>>> print(open('my_file01.cif').read())   # mmCIF, C-alpha atoms
data_my_file
loop_
_atom_site.label_atom_id
_atom_site.label_comp_id
_atom_site.auth_asym_id
_atom_site.auth_seq_id
_atom_site.Cartn_x
_atom_site.Cartn_y
_atom_site.Cartn_z
CA MET U 769 91.36 111.40 98.67
CA LYS U 770 90.83 115.13 98.77
CA ILE U 771 93.06 117.97 99.93
CA ILE U 772 91.70 121.34 101.06
CA ARG U 773 94.07 124.30 101.34
CA ILE U 774 93.32 127.13 103.77
CA PRO U 775 95.72 130.12 103.88
CA ALA U 776 95.65 130.45 107.67
CA GLY U 777 96.55 133.29 110.00
CA ILE U 778 98.15 136.63 109.28
CA TYR U 779 101.23 134.87 107.89
CA ALA U 780 99.10 133.01 105.30
CA VAL U 781 100.45 129.60 106.18
CA ASN U 782 99.02 126.90 103.94
CA CYS U 783 96.99 124.72 106.28
CA TYR U 784 95.96 121.48 104.60
CA ILE U 785 93.05 119.24 105.43
CA VAL U 786 93.61 115.82 103.85
CA TYR U 787 90.88 113.21 103.95
CA SER U 788 89.71 109.92 102.51
CA THR U 789 86.56 110.11 100.41
CA GLU U 790 85.90 106.47 101.32
CA THR U 791 85.91 106.75 105.11
CA GLN U 792 85.96 110.55 105.67
CA GLU U 793 88.99 110.07 107.95
CA GLY U 794 91.42 112.94 107.74
CA ILE U 795 94.28 114.99 109.15
CA VAL U 796 94.96 118.69 109.59
CA VAL U 797 98.46 119.88 108.71
CA ASP U 798 99.89 123.15 110.07
CA PRO U 799 96.92 125.06 111.52
CA GLY U 800 98.58 128.46 111.60
CA GLY U 801 95.44 130.42 112.48
CA ASP U 802 91.78 130.94 111.55
CA VAL U 803 90.57 128.03 113.66
CA GLU U 804 86.90 128.73 112.91
CA THR U 805 87.53 128.56 109.15
CA ILE U 806 89.32 125.24 109.59
CA LEU U 807 86.52 123.86 111.78
CA LYS U 808 83.86 124.99 109.29
CA SER U 809 85.62 123.21 106.44
CA ILE U 810 85.86 120.04 108.54
CA LYS U 811 82.16 120.23 109.41
CA ASP U 812 81.00 121.12 105.89
CA ASN U 813 82.82 118.11 104.46
CA ASN U 814 81.86 115.75 107.30
CA ILE U 815 85.50 114.88 108.02
CA LYS U 816 86.55 112.79 110.99
CA ILE U 817 89.94 114.22 111.94
CA LYS U 818 92.37 111.67 113.37
CA ASN U 819 95.47 113.82 113.94
CA ILE U 820 96.93 117.30 113.75
CA ILE U 821 100.36 117.06 112.12
CA LEU U 822 102.95 119.85 112.25
CA THR U 823 105.61 120.00 109.56
CA HIS U 824 107.82 121.91 112.01
CA GLY U 825 107.66 123.96 115.18
CA HIS U 826 107.71 127.60 114.05
CA GLY U 827 105.06 129.90 115.48
CA ASP U 828 103.40 130.80 112.19
CA HIS U 829 102.54 127.12 111.63
CA ILE U 830 101.17 126.44 115.13
CA GLY U 831 99.08 129.53 115.87
CA ALA U 832 95.73 127.71 116.05
CA VAL U 833 96.89 124.30 117.22
CA LEU U 834 95.87 124.66 120.86
CA ASP U 835 92.35 125.84 120.00
CA LEU U 836 91.97 123.18 117.32
CA LYS U 837 93.17 120.40 119.59
CA GLU U 838 90.72 121.51 122.29
CA LYS U 839 87.80 121.51 119.84
CA LEU U 840 88.67 118.24 118.07
CA ASP U 841 90.28 116.32 120.95
CA VAL U 842 92.82 114.58 118.69
CA PRO U 843 96.59 113.99 119.03
CA VAL U 844 99.17 116.54 117.89
CA LEU U 845 102.18 115.02 116.09
CA ILE U 846 105.58 116.53 115.30
CA HIS U 847 109.04 115.21 114.52
CA LYS U 848 111.09 114.37 117.59
CA ASP U 849 113.86 116.84 116.67
CA ASP U 850 111.48 119.81 117.03
CA LEU U 851 110.20 118.72 120.45
CA ILE U 852 112.19 121.28 122.42
CA MET U 853 111.29 124.06 119.99
CA ILE U 854 107.55 123.51 120.15
CA GLN U 855 107.55 123.64 123.93
CA ASP U 856 109.43 126.96 124.12
CA ALA U 857 107.75 130.12 122.80
CA SER U 858 111.05 131.94 122.42
CA MET U 859 112.57 129.11 120.38
CA ASN U 860 109.51 128.65 118.15
CA LEU U 861 109.35 132.45 117.73
CA SER U 862 105.65 132.70 118.63
CA SER U 863 106.49 134.98 121.56
CA SER U 864 107.59 137.63 119.04
CA MET U 865 104.72 137.01 116.59
CA ALA U 866 101.22 138.45 116.43
CA MET U 867 99.47 135.36 117.85
CA GLY U 868 101.44 135.56 121.09
CA ALA U 869 103.26 132.80 122.91
CA VAL U 870 102.29 129.26 121.93
CA GLU U 871 103.81 126.30 123.76
CA ILE U 872 102.62 122.76 123.09
CA LYS U 873 103.37 119.34 124.48
CA PRO U 874 102.80 117.03 121.50
CA ASP U 875 101.03 113.71 121.95
CA GLU U 876 103.23 111.71 119.61
CA LEU U 877 106.70 112.15 118.11
CA LEU U 878 107.43 111.26 114.51
CA LYS U 879 110.57 109.97 112.84
CA ASP U 880 111.71 109.47 109.27
CA ARG U 881 109.69 106.89 107.30
CA ASP U 882 106.87 106.67 109.82
CA THR U 883 103.51 106.05 108.16
CA LEU U 884 99.95 106.96 109.04
CA GLU U 885 96.72 105.78 107.49
CA ILE U 886 93.53 107.62 106.54
CA GLY U 887 91.14 105.18 104.96
CA SER U 888 93.15 103.23 102.39
CA GLN U 889 95.59 106.12 101.91
CA THR U 890 99.10 105.93 103.38
CA ILE U 891 100.88 109.07 104.56
CA GLU U 892 104.67 108.77 104.63
CA VAL U 893 106.80 110.98 106.87
CA ILE U 894 109.99 112.23 105.21
CA HIS U 895 112.45 113.93 107.56
CA THR U 896 113.77 116.99 105.70
CA PRO U 897 115.88 119.00 108.17
CA GLY U 898 117.43 122.33 107.30
CA HIS U 899 114.73 124.92 107.97
CA THR U 900 114.48 123.45 111.46
CA PRO U 901 116.10 120.27 112.81
CA GLY U 902 112.76 118.45 112.82
CA CYS U 903 111.22 119.63 109.57
CA ILE U 904 109.20 116.98 107.77
CA SER U 905 107.48 116.59 104.44
CA LEU U 906 104.46 114.34 103.97
CA LYS U 907 104.15 112.10 100.90
CA ILE U 908 100.51 111.28 100.16
CA GLY U 909 99.93 109.49 96.88
CA SER U 910 101.01 111.84 94.08
CA TYR U 911 101.20 114.81 96.46
CA LEU U 912 103.97 116.12 98.70
CA ILE U 913 103.23 118.53 101.55
CA SER U 914 106.66 120.14 101.85
CA GLY U 915 106.16 122.52 104.77
CA ASP U 916 108.82 125.22 104.72
CA THR U 917 111.46 123.03 103.10
CA LEU U 918 110.67 123.48 99.40
CA PHE U 919 108.72 126.31 97.75
CA LYS U 920 107.92 127.22 94.18
CA GLY U 921 111.23 128.65 92.97
CA SER U 922 112.70 128.85 96.45
CA ILE U 923 113.60 127.03 99.67
CA GLY U 924 112.93 127.59 103.35
CA ARG U 925 114.87 130.12 105.39
CA THR U 926 117.99 128.85 107.10
CA ASP U 927 118.97 131.97 109.05
CA LEU U 928 116.74 131.19 112.04
CA MET U 929 117.67 129.10 115.08
CA GLY U 930 118.41 125.52 114.02
CA GLY U 931 118.56 126.39 110.33
CA ASP U 932 121.30 124.97 108.12
CA PHE U 933 121.64 125.82 104.42
CA ASP U 934 123.77 122.83 103.45
CA GLN U 935 121.39 120.52 105.27
CA ILE U 936 118.23 121.84 103.59
CA ILE U 937 119.81 121.50 100.15
CA LYS U 938 120.86 117.94 101.02
CA SER U 939 117.33 117.16 102.25
CA ILE U 940 115.73 118.48 99.08
CA LYS U 941 118.13 116.85 96.63
CA GLU U 942 118.38 113.47 98.35
CA LYS U 943 114.83 113.03 99.65
CA LEU U 944 112.48 115.17 97.55
CA LEU U 945 113.93 115.51 94.07
CA VAL U 946 114.17 111.72 93.86
CA LEU U 947 110.36 111.53 93.87
CA ASN U 948 108.38 111.18 90.65
CA ASP U 949 108.71 114.27 88.46
CA GLU U 950 104.94 114.66 88.35
CA THR U 951 104.61 114.80 92.14
CA ILE U 952 102.59 117.89 93.07
CA VAL U 953 104.32 119.91 95.77
CA LEU U 954 102.07 121.66 98.31
CA PRO U 955 104.31 124.10 100.20
CA GLY U 956 103.87 125.81 103.56
CA HIS U 957 103.44 129.22 101.87
CA GLY U 958 102.58 130.27 98.34
CA ASP U 959 101.59 128.37 95.22
CA ASN U 960 101.80 124.70 94.30
CA THR U 961 104.56 123.41 92.08
CA THR U 962 105.94 120.07 90.88
CA ILE U 963 109.16 118.18 91.46
CA LEU U 964 110.04 118.53 87.77
CA ALA U 965 109.52 122.31 87.81
CA GLU U 966 111.82 122.68 90.81
CA LYS U 967 114.48 120.50 89.21
CA MET U 968 114.38 122.69 86.12
CA TYR U 969 113.82 126.21 87.44
CA ASN U 970 114.59 126.52 91.16
CA PRO U 971 117.77 128.63 91.32
CA TYR U 972 118.82 127.12 94.65
CA LEU U 973 118.89 123.61 93.20
CA GLN U 974 120.89 124.13 90.01
#
>>> encode(input="my_file01.cif", output="structure tokens")
Amino acid sequence: MKIIRIPAGIYAVNCYIVYSTETQEGIVVDPGGDVETILKSIKDNNIKIKNIILTHGHGDHIGAVLDLKEKLDVPVLIHKDDLIMIQDASMNLSSSMAMGAVEIKPDELLKDRDTLEIGSQTIEVIHTPGHTPGCISLKIGSYLISGDTLFKGSIGRTDLMGGDFDQIIKSIKEKLLVLNDETIVLPGHGDNTTILAEKMYNPYLQ
């Protein structure tokens, strides 16, 4: 398995391309912008994308999803609790962002503990609400794509519509910090970290 990180769009969202080196099957997570850069990376690595997965419905994470879906002709997946948000540009905030209004009807809705397969690799959906009601993290082997739930030394914002501070702390402590300490956390913005580092140093989790 390989993971490619592309800081996408003017908000530098971490878009991840995850693929099996056995079958070249892969997924794109959170295409926030720069669709041509994403497509070039897919082509250069001969990846067969199966799905576009959104960790949540905020505009900065979905800026390129319509263009990417049109070019790749693959399903878009999001947690069921962000369905309303992703279909409403005012709720997902894209109408007030630089990319302009983005409204999407997803092809499939996810729920906690759903799994997807790329080659022999299993991707586990972990529902981690708090930043939005439908926020998810994706557990892939020794990696965790945490979206905007957990960052290096910080947590996702909870002052936006649907945000809940107590809920995000509960999600992180009960669903993420219970993972192996060596799990590498790949957040929606900024640098990688580990579960152990966040247990030890994240001021929100002490």
>>> closest_residue(input="my_file01.cif", among="U:Met929, U:Cys783, U:Ile886, U:Val946", to="Met853 of chain U", atoms="all atoms listed in the file")
U:Met929
>>> residues_around(input="my_file01.cif", residues="Glu790 of chain U", least_positions_apart="4", cutoff="9 Å", atoms="only C-alpha atoms", output="list of chain:residue names")
U:Met769, U:Gly887, U:Ser888
>>> write_last_selection(input="my_file01.cif", atoms="C-alpha atoms", output="PDB file, in the coordinates of the input")
ATOM      1  CA  MET U 769      91.360 111.400  98.670  1.00  0.00           C
ATOM      2  CA  GLY U 887      91.140 105.180 104.960  1.00  0.00           C
ATOM      3  CA  SER U 888      93.150 103.230 102.390  1.00  0.00           C
TER       4      SER U 888
END
>>> residues_around(input="my_file01.cif", residues="Leu973 of chain U", least_positions_apart="6", cutoff="8 Å", atoms="only C-alpha atoms", output="list in words")
Ile937, Lys941, Glu966 and Lys967 of chain U
>>> resolve_selection(input="my_file01.cif", expression="the PyMOL selection byres ((chain U and resi 782) around 8)", output="PDB file with C-alpha atoms, keeping the file's coordinate frame")
ATOM      1  CA  ARG U 773      94.070 124.300 101.340  1.00  0.00           C
ATOM      2  CA  ILE U 774      93.320 127.130 103.770  1.00  0.00           C
ATOM      3  CA  PRO U 775      95.720 130.120 103.880  1.00  0.00           C
ATOM      4  CA  ALA U 776      95.650 130.450 107.670  1.00  0.00           C
ATOM      5  CA  ALA U 780      99.100 133.010 105.300  1.00  0.00           C
ATOM      6  CA  VAL U 781     100.450 129.600 106.180  1.00  0.00           C
ATOM      7  CA  CYS U 783      96.990 124.720 106.280  1.00  0.00           C
ATOM      8  CA  TYR U 784      95.960 121.480 104.600  1.00  0.00           C
ATOM      9  CA  ASP U 798      99.890 123.150 110.070  1.00  0.00           C
ATOM     10  CA  GLY U 800      98.580 128.460 111.600  1.00  0.00           C
ATOM     11  CA  PRO U 955     104.310 124.100 100.200  1.00  0.00           C
ATOM     12  CA  GLY U 956     103.870 125.810 103.560  1.00  0.00           C
ATOM     13  CA  HIS U 957     103.440 129.220 101.870  1.00  0.00           C
ATOM     14  CA  GLY U 958     102.580 130.270  98.340  1.00  0.00           C
TER      15      GLY U 958
END
>>> closest_residue(input="my_file01.cif", among="U:Lys848, U:Lys837, U:Lys808, U:Lys943", to="Ile894 of chain U", atoms="all atoms listed in the file")
U:Lys943
>>> resolve_selection(input="my_file01.cif", expression="the PyMOL selection byres ((chain U and resi 854-861) around 7)", output="tab-separated table (two decimals) with C-alpha atoms, in the coordinates of the input")
chain	number	residue	atom	x	y	z
U	825	GLY	CA	107.66	123.96	115.18
U	826	HIS	CA	107.71	127.60	114.05
U	827	GLY	CA	105.06	129.90	115.48
U	850	ASP	CA	111.48	119.81	117.03
U	851	LEU	CA	110.20	118.72	120.45
U	852	ILE	CA	112.19	121.28	122.42
U	853	MET	CA	111.29	124.06	119.99
U	862	SER	CA	105.65	132.70	118.63
U	863	SER	CA	106.49	134.98	121.56
U	864	SER	CA	107.59	137.63	119.04
U	865	MET	CA	104.72	137.01	116.59
U	869	ALA	CA	103.26	132.80	122.91
U	870	VAL	CA	102.29	129.26	121.93
U	871	GLU	CA	103.81	126.30	123.76
U	872	ILE	CA	102.62	122.76	123.09
U	873	LYS	CA	103.37	119.34	124.48
>>> closest_residue(input="my_file01.cif", among="U:Thr961, U:Ile785, U:Ile820, U:Asp835", to="Val803 of chain U", atoms="all atoms listed in the file")
U:Asp835
>>> closest_residue(input="my_file01.cif", among="U:His824, U:Asn960, U:Ala866, U:Leu954", to="Pro901 of chain U", atoms="all atoms listed in the file")
U:His824
>>> build_atoms(input="my_file01.cif", residues="segment 847-879 of chain U", atoms="N, CA and C atoms", output="short mmCIF file (atom, residue, chain, number, x, y, z; two decimals), in the coordinates of the input")
data_model
loop_
_atom_site.label_atom_id
_atom_site.label_comp_id
_atom_site.auth_asym_id
_atom_site.auth_seq_id
_atom_site.Cartn_x
_atom_site.Cartn_y
_atom_site.Cartn_z
N HIS U 847 107.81 115.97 114.50
CA HIS U 847 109.04 115.21 114.52
C HIS U 847 109.77 115.41 115.84
N LYS U 848 110.44 114.37 116.28
CA LYS U 848 111.09 114.37 117.59
C LYS U 848 112.16 115.47 117.70
N ASP U 849 112.78 115.86 116.60
CA ASP U 849 113.86 116.84 116.67
C ASP U 849 113.36 118.27 116.83
N ASP U 850 112.05 118.49 116.75
CA ASP U 850 111.48 119.81 117.03
C ASP U 850 110.72 119.83 118.36
N LEU U 851 110.91 118.80 119.18
CA LEU U 851 110.20 118.72 120.45
C LEU U 851 110.53 119.89 121.37
N ILE U 852 111.80 120.18 121.53
CA ILE U 852 112.19 121.28 122.42
C ILE U 852 111.65 122.60 121.91
N MET U 853 111.75 122.82 120.60
CA MET U 853 111.29 124.06 119.99
C MET U 853 109.81 124.32 120.25
N ILE U 854 109.00 123.30 120.07
CA ILE U 854 107.55 123.51 120.15
C ILE U 854 107.07 123.77 121.57
N GLN U 855 107.91 123.44 122.54
CA GLN U 855 107.55 123.64 123.93
C GLN U 855 108.09 124.95 124.50
N ASP U 856 108.78 125.73 123.67
CA ASP U 856 109.43 126.96 124.12
C ASP U 856 109.06 128.09 123.17
N ALA U 857 108.26 129.04 123.65
CA ALA U 857 107.75 130.12 122.80
C ALA U 857 108.84 131.01 122.24
N SER U 858 109.96 131.13 122.95
CA SER U 858 111.05 131.94 122.42
C SER U 858 111.77 131.21 121.30
N MET U 859 111.90 129.89 121.43
CA MET U 859 112.57 129.11 120.38
C MET U 859 111.70 128.96 119.14
N ASN U 860 110.38 128.80 119.34
CA ASN U 860 109.51 128.65 118.15
C ASN U 860 109.07 130.00 117.59
N LEU U 861 109.53 131.08 118.21
CA LEU U 861 109.35 132.45 117.73
C LEU U 861 107.93 133.00 117.93
N SER U 862 107.02 132.21 118.46
CA SER U 862 105.65 132.70 118.63
C SER U 862 105.58 133.87 119.61
N SER U 863 106.51 133.91 120.56
CA SER U 863 106.49 134.98 121.56
C SER U 863 106.75 136.35 120.93
N SER U 864 107.34 136.36 119.73
CA SER U 864 107.59 137.63 119.04
C SER U 864 106.68 137.80 117.82
N MET U 865 105.66 136.94 117.71
CA MET U 865 104.72 137.01 116.59
C MET U 865 103.36 137.50 117.08
N ALA U 866 102.50 137.81 116.12
CA ALA U 866 101.22 138.45 116.43
C ALA U 866 100.29 137.56 117.26
N MET U 867 100.39 136.24 117.12
CA MET U 867 99.47 135.36 117.85
C MET U 867 99.83 135.23 119.32
N GLY U 868 101.01 135.68 119.71
CA GLY U 868 101.44 135.56 121.09
C GLY U 868 102.04 134.18 121.36
N ALA U 869 102.53 134.00 122.54
CA ALA U 869 103.26 132.80 122.91
C ALA U 869 102.40 131.54 122.77
N VAL U 870 102.95 130.57 122.08
CA VAL U 870 102.29 129.26 121.93
C VAL U 870 103.31 128.20 122.34
N GLU U 871 102.96 127.40 123.32
CA GLU U 871 103.81 126.30 123.76
C GLU U 871 102.95 125.04 123.84
N ILE U 872 103.43 123.97 123.24
CA ILE U 872 102.62 122.76 123.09
C ILE U 872 103.43 121.54 123.53
N LYS U 873 102.79 120.65 124.23
CA LYS U 873 103.37 119.34 124.48
C LYS U 873 102.71 118.36 123.52
N PRO U 874 103.43 117.91 122.49
CA PRO U 874 102.80 117.03 121.50
C PRO U 874 102.43 115.68 122.11
N ASP U 875 101.49 115.02 121.48
CA ASP U 875 101.03 113.71 121.95
C ASP U 875 101.87 112.57 121.42
N GLU U 876 102.40 112.75 120.21
CA GLU U 876 103.23 111.71 119.61
C GLU U 876 104.39 112.36 118.86
N LEU U 877 105.53 111.68 118.83
CA LEU U 877 106.70 112.15 118.11
C LEU U 877 106.95 111.28 116.88
N LEU U 878 107.23 111.95 115.78
CA LEU U 878 107.43 111.26 114.51
C LEU U 878 108.91 111.10 114.22
N LYS U 879 109.21 110.14 113.34
CA LYS U 879 110.57 109.97 112.84
C LYS U 879 110.50 109.65 111.35
#
